[in-house]
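Below: one structure, written as structure tokens.
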Amino acid sequence: MKFTKMHGIGNDYVYVNCFEENIKDPSAVAKFVSDRHFGIGADGLILIRPSETADCEMDMYNADGSQGAMCGNGIRCVAKYVFDHEITNKTSLTIDTKSGIKYLDLAVTDGKVSMVRVNMGSPILTATEIPVAAETETVLDAPITVGGINYHFTAVSMGNPHAVVYMTGIDDLDLTLIGPSFENHVVFPDRVNTEFVEIIDRHTVKMRVWERGSGETLACGTGACAVTVASILNGLVDEDKPVTVKLLGGDLQISWARRENLVYMTGPATTVFDGEIDLSFLGE
């Protein structure tokens, strides 16, 4: 199998061009290639497929083999891949995902994509649609007890569920201890991505993220979008200009256009290397 290793501010995936390759068991392949000791090493696997309704389709799998609906950092890399590999020559693209078609604008430098702006769609705030078990229609600064400790969280879906938790001292958090407890908490029937957030100022936040199926990652695009929406709803940041979300792997610029109810994400996409790997023992 030929592949390309790419990352969006450290959120790394193995990308496979399924215009040319055929993957029989994506879940098994995702688990193997994601292993950082015995595989390639990644947060998951993303297949770039032909689409009848868009310029291409993004089919993503987490490191544990579970299928994901959307990845903000991943979709920027898909856009870079299809342009840089001349699958398309468009600088305004449509990419189909499990959470619908997304619209992207590419910034090109010396013939290669350097930055991508993504229309991430509308945030989902209705509890039953996120989903999160709650007695209220929306979940805003709601109490939750995890591991015997009381927290407050705001629930947002950007195609996948997020629990946004505000606190200080996030650099000192042991996410390997508390992350799985949030992910598998009974109030999240489909598990959840959890963002632990510190407010820096009215236009800047810092976050760490525990992603369902992958653990702590250096960045999460949908998580940064969910954090921006939650921070505006909680009155913690202003919405008159983009919010800088500082992640372990770098910064993203996120804005929520309230009149249109659309979230926009701007960030880089980087190619690391191309390679080829033998998957015959998996039956591929």
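Here's how to read the names in the structure tokens: chain A, B, ... by the order shown, residue numbers from 1 in each chain, ligand numbers from 1 in the order shown.
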
Let's see if you can do this: from backbone DSSP, list all alpha helix (DSSP H) residues in range 77-246 of chain A, as number ranges by chain.
A: 77-84, 175-183, 221-233

Could you give me, as JSON lines, every range 207-276 of chain A residue with an atom at most 12 Å from range 84-94 of chain A, plus its closest atom pair and distance in Å to one decimal, counting only C-alpha atoms, rows ordered by chain then number?
```
{"residue": "A:Ala269", "atom": "CA", "partner": "A:Asp84", "partner_atom": "CA", "distance": 11.3}
{"residue": "A:Thr270", "atom": "CA", "partner": "A:Asp84", "partner_atom": "CA", "distance": 11.0}
{"residue": "A:Thr271", "atom": "CA", "partner": "A:Asp84", "partner_atom": "CA", "distance": 9.9}
{"residue": "A:Asp274", "atom": "CA", "partner": "A:His85", "partner_atom": "CA", "distance": 11.9}
```

Kindly save the residues from that selection, with C-alpha atoms included, as a compact mmCIF listing (two decimals), in the first residue's frame.
```txt
# COMPACT_ATOMS: atom_id res chain seq x y z
CA ALA A 269 -1.43 21.41 6.22
CA THR A 270 1.95 19.68 5.97
CA THR A 271 3.29 16.68 4.09
CA ASP A 274 5.62 9.30 1.16
```

List as a ChimeraX atom specification the protein and nucleic acid residues near range 53-69 of chain A, meaning an atom at most 8 Å away when only C-alpha atoms are counted, but skip any in the same chain fewer than 5 places from it.
/A:26-31,34-35,42-48,75,78,88,93-99,101,159-160,213-214

Take the residues just selected and output them with N, CA, C and O atoms as a compact mmCIF listing (two decimals), in the first residue's frame.
```
# COMPACT_ATOMS: atom_id res chain seq x y z
N PRO A 26 -10.45 -1.23 6.30
CA PRO A 26 -9.85 0.00 6.80
C PRO A 26 -9.62 0.02 8.31
O PRO A 26 -8.63 0.58 8.78
N SER A 27 -10.51 -0.61 9.09
CA SER A 27 -10.35 -0.62 10.55
C SER A 27 -9.07 -1.33 10.96
O SER A 27 -8.31 -0.84 11.80
N ALA A 28 -8.82 -2.50 10.38
CA ALA A 28 -7.61 -3.26 10.70
C ALA A 28 -6.37 -2.50 10.25
O ALA A 28 -5.36 -2.46 10.96
N VAL A 29 -6.44 -1.90 9.07
CA VAL A 29 -5.30 -1.14 8.56
C VAL A 29 -5.03 0.06 9.45
O VAL A 29 -3.88 0.38 9.77
N ALA A 30 -6.11 0.73 9.88
CA ALA A 30 -5.95 1.92 10.75
C ALA A 30 -5.23 1.55 12.04
O ALA A 30 -4.31 2.26 12.48
N LYS A 31 -5.64 0.46 12.67
CA LYS A 31 -5.02 0.05 13.93
C LYS A 31 -3.53 -0.27 13.75
O LYS A 31 -2.70 0.09 14.58
N SER A 34 -1.36 3.01 12.63
CA SER A 34 -1.33 4.04 13.66
C SER A 34 -0.35 3.73 14.78
O SER A 34 0.11 4.65 15.48
N ASP A 35 -0.02 2.47 14.96
CA ASP A 35 0.88 2.08 16.04
C ASP A 35 2.24 2.74 15.87
O ASP A 35 2.89 2.58 14.83
N ALA A 42 0.61 7.21 13.83
CA ALA A 42 -0.36 8.24 13.43
C ALA A 42 -1.51 8.26 14.42
O ALA A 42 -1.67 7.36 15.25
N ASP A 43 -2.33 9.32 14.30
CA ASP A 43 -3.57 9.40 15.07
C ASP A 43 -4.70 8.64 14.39
O ASP A 43 -5.81 8.55 14.92
N GLY A 44 -4.43 8.11 13.19
CA GLY A 44 -5.45 7.35 12.48
C GLY A 44 -5.14 7.24 11.00
O GLY A 44 -4.02 7.55 10.55
N LEU A 45 -6.12 6.79 10.26
CA LEU A 45 -6.02 6.54 8.82
C LEU A 45 -7.09 7.34 8.10
O LEU A 45 -8.25 7.37 8.54
N ILE A 46 -6.71 8.02 7.01
CA ILE A 46 -7.69 8.74 6.20
C ILE A 46 -7.57 8.28 4.75
O ILE A 46 -6.49 8.33 4.15
N LEU A 47 -8.69 7.80 4.22
CA LEU A 47 -8.76 7.35 2.84
C LEU A 47 -9.36 8.47 1.98
O LEU A 47 -10.39 9.05 2.34
N ILE A 48 -8.71 8.78 0.87
CA ILE A 48 -9.18 9.81 -0.05
C ILE A 48 -9.82 9.09 -1.23
O ILE A 48 -9.14 8.44 -2.03
N ILE A 75 -9.08 17.15 7.16
CA ILE A 75 -9.68 17.59 5.91
C ILE A 75 -8.80 18.64 5.22
O ILE A 75 -8.77 18.72 3.98
N VAL A 78 -6.33 16.59 3.36
CA VAL A 78 -6.95 16.00 2.16
C VAL A 78 -6.95 17.02 1.03
O VAL A 78 -6.62 16.70 -0.13
N THR A 88 -6.97 17.47 -8.59
CA THR A 88 -7.77 18.62 -8.99
C THR A 88 -6.85 19.83 -9.11
O THR A 88 -5.78 19.86 -8.50
N LEU A 93 -12.65 23.94 -3.08
CA LEU A 93 -12.99 22.52 -3.16
C LEU A 93 -14.22 22.17 -2.36
O LEU A 93 -14.57 22.85 -1.39
N THR A 94 -14.84 21.05 -2.73
CA THR A 94 -15.86 20.41 -1.90
C THR A 94 -15.34 19.02 -1.55
O THR A 94 -14.83 18.30 -2.40
N ILE A 95 -15.46 18.66 -0.27
CA ILE A 95 -15.04 17.34 0.19
C ILE A 95 -16.18 16.72 0.98
O ILE A 95 -16.68 17.32 1.94
N ASP A 96 -16.57 15.53 0.59
CA ASP A 96 -17.66 14.83 1.26
C ASP A 96 -17.12 14.11 2.49
O ASP A 96 -16.05 13.51 2.45
N THR A 97 -17.86 14.19 3.60
CA THR A 97 -17.49 13.52 4.84
C THR A 97 -18.73 12.85 5.41
O THR A 97 -19.85 13.07 4.94
N LYS A 98 -18.53 12.07 6.46
CA LYS A 98 -19.68 11.43 7.12
C LYS A 98 -20.59 12.46 7.80
O LYS A 98 -21.71 12.14 8.16
N SER A 99 -20.09 13.69 7.98
CA SER A 99 -20.93 14.74 8.55
C SER A 99 -21.32 15.77 7.49
O SER A 99 -21.65 16.91 7.81
N ILE A 101 -21.00 17.51 3.26
CA ILE A 101 -20.03 18.13 2.36
C ILE A 101 -19.48 19.40 2.99
O ILE A 101 -20.23 20.24 3.49
N GLY A 159 -20.09 17.69 14.03
CA GLY A 159 -20.07 16.45 13.26
C GLY A 159 -19.61 15.29 14.13
O GLY A 159 -19.83 14.13 13.80
N ASN A 160 -18.97 15.61 15.24
CA ASN A 160 -18.62 14.64 16.28
C ASN A 160 -18.77 15.34 17.63
O ASN A 160 -18.69 16.56 17.72
N GLY A 213 -11.15 7.37 20.82
CA GLY A 213 -10.54 6.43 19.88
C GLY A 213 -9.08 6.68 19.59
O GLY A 213 -8.43 5.82 18.99
N SER A 214 -8.53 7.83 20.00
CA SER A 214 -7.13 8.13 19.69
C SER A 214 -6.32 8.58 20.89
O SER A 214 -5.09 8.56 20.85
```

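Using only C-alpha atoms, the nearest neighbour of Cys225 in chain A within the list A:Val272, A:Val108, A:Leu177, A:Val263 is A:Val263.
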
Give me the residues within 8 Å of range 121-133 of chain A as a ChimeraX atom specification, counting only C-alpha atoms and dropping any in the same chain fewer than 4 places off.
/A:102,137-139,155-161,187-190,226,229,261-264

What's around Val113 in chain A at 7 Å? Count only C-alpha atoms, leave out sequence neighbours fewer than 6 positions away in its own chain, and write the answer as a PyMOL selection string.
chain A and resi 80+84+106-107

Could you save the residues just selected, with all heavy atoms, as an mmCIF file, in the first residue's frame?
```
data_model
loop_
_atom_site.group_PDB
_atom_site.id
_atom_site.type_symbol
_atom_site.label_atom_id
_atom_site.label_comp_id
_atom_site.auth_asym_id
_atom_site.auth_seq_id
_atom_site.Cartn_x
_atom_site.Cartn_y
_atom_site.Cartn_z
ATOM 1 N N LYS A 80 -4.948 19.561 0.619
ATOM 2 C CA LYS A 80 -3.577 19.731 0.139
ATOM 3 C C LYS A 80 -3.162 18.556 -0.743
ATOM 4 O O LYS A 80 -2.549 18.749 -1.804
ATOM 5 C CB LYS A 80 -2.614 19.841 1.327
ATOM 6 C CG LYS A 80 -1.138 19.951 0.916
ATOM 7 C CD LYS A 80 -0.248 20.161 2.125
ATOM 8 C CE LYS A 80 1.232 20.116 1.729
ATOM 9 N NZ LYS A 80 1.605 21.185 0.771
ATOM 10 N N ASP A 84 -1.980 19.116 -4.494
ATOM 11 C CA ASP A 84 -0.549 18.901 -4.743
ATOM 12 C C ASP A 84 -0.288 17.721 -5.663
ATOM 13 O O ASP A 84 0.712 17.704 -6.397
ATOM 14 C CB ASP A 84 0.194 18.689 -3.419
ATOM 15 C CG ASP A 84 0.301 19.955 -2.581
ATOM 16 O OD1 ASP A 84 -0.224 21.008 -3.017
ATOM 17 O OD2 ASP A 84 0.896 19.887 -1.480
ATOM 18 N N LEU A 106 -8.215 27.241 -0.685
ATOM 19 C CA LEU A 106 -6.805 26.918 -0.550
ATOM 20 C C LEU A 106 -5.930 28.137 -0.824
ATOM 21 O O LEU A 106 -6.176 28.892 -1.770
ATOM 22 C CB LEU A 106 -6.419 25.809 -1.536
ATOM 23 C CG LEU A 106 -7.373 24.607 -1.662
ATOM 24 C CD1 LEU A 106 -6.809 23.595 -2.640
ATOM 25 C CD2 LEU A 106 -7.635 23.978 -0.312
ATOM 26 N N ALA A 107 -4.892 28.301 -0.004
ATOM 27 C CA ALA A 107 -3.845 29.282 -0.273
ATOM 28 C C ALA A 107 -2.640 28.518 -0.803
ATOM 29 O O ALA A 107 -2.154 27.586 -0.151
ATOM 30 C CB ALA A 107 -3.484 30.048 0.999
#
```

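Comparing A:Asp278, A:Glu284, A:Glu135, A:Asp110 by their smallest distance to Lys2 in chain A, the closest is A:Asp278 (using only C-alpha atoms).
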
Among the residues A:Thr228, A:Thr217, A:Asn184, A:Ser51, the one that comes closest to Glu198 in chain A [using only C-alpha atoms]
A:Thr228

Can you pull out the residues contacting Thr204 in chain A? Cut-off 8 Å, using only C-alpha atoms, and skip same-chain residues under 3 positions away; I want them as a PyMOL selection string.
chain A and resi 199-201+237+243-246

For the selection you just gave me, I'd like the residues written to a file as a short mmCIF file (atom, residue, chain, number, x, y, z; two decimals), in the first residue's frame, keeping N, CA, C and O atoms.
```
data_model
loop_
_atom_site.label_atom_id
_atom_site.label_comp_id
_atom_site.auth_asym_id
_atom_site.auth_seq_id
_atom_site.Cartn_x
_atom_site.Cartn_y
_atom_site.Cartn_z
N ILE A 199 -8.68 30.23 29.31
CA ILE A 199 -8.90 31.49 28.61
C ILE A 199 -7.66 32.38 28.81
O ILE A 199 -7.28 32.66 29.96
N ILE A 200 -7.05 32.81 27.71
CA ILE A 200 -5.88 33.69 27.78
C ILE A 200 -6.32 35.16 27.77
O ILE A 200 -5.90 35.95 28.61
N ASP A 201 -7.16 35.52 26.82
CA ASP A 201 -7.75 36.86 26.77
C ASP A 201 -9.03 36.77 25.94
O ASP A 201 -9.49 35.67 25.64
N VAL A 237 -15.17 34.87 25.36
CA VAL A 237 -14.42 35.54 24.29
C VAL A 237 -15.38 36.39 23.48
O VAL A 237 -16.60 36.19 23.52
N VAL A 243 -11.01 33.88 16.79
CA VAL A 243 -10.39 33.45 18.04
C VAL A 243 -9.16 32.60 17.70
O VAL A 243 -9.23 31.69 16.88
N THR A 244 -8.03 32.94 18.32
CA THR A 244 -6.84 32.11 18.18
C THR A 244 -6.91 30.99 19.21
O THR A 244 -6.97 31.24 20.41
N VAL A 245 -6.93 29.76 18.71
CA VAL A 245 -6.94 28.59 19.59
C VAL A 245 -5.54 27.99 19.58
O VAL A 245 -5.05 27.53 18.54
N LYS A 246 -4.90 28.00 20.73
CA LYS A 246 -3.53 27.52 20.86
C LYS A 246 -3.56 26.07 21.32
O LYS A 246 -4.04 25.76 22.41
#
```
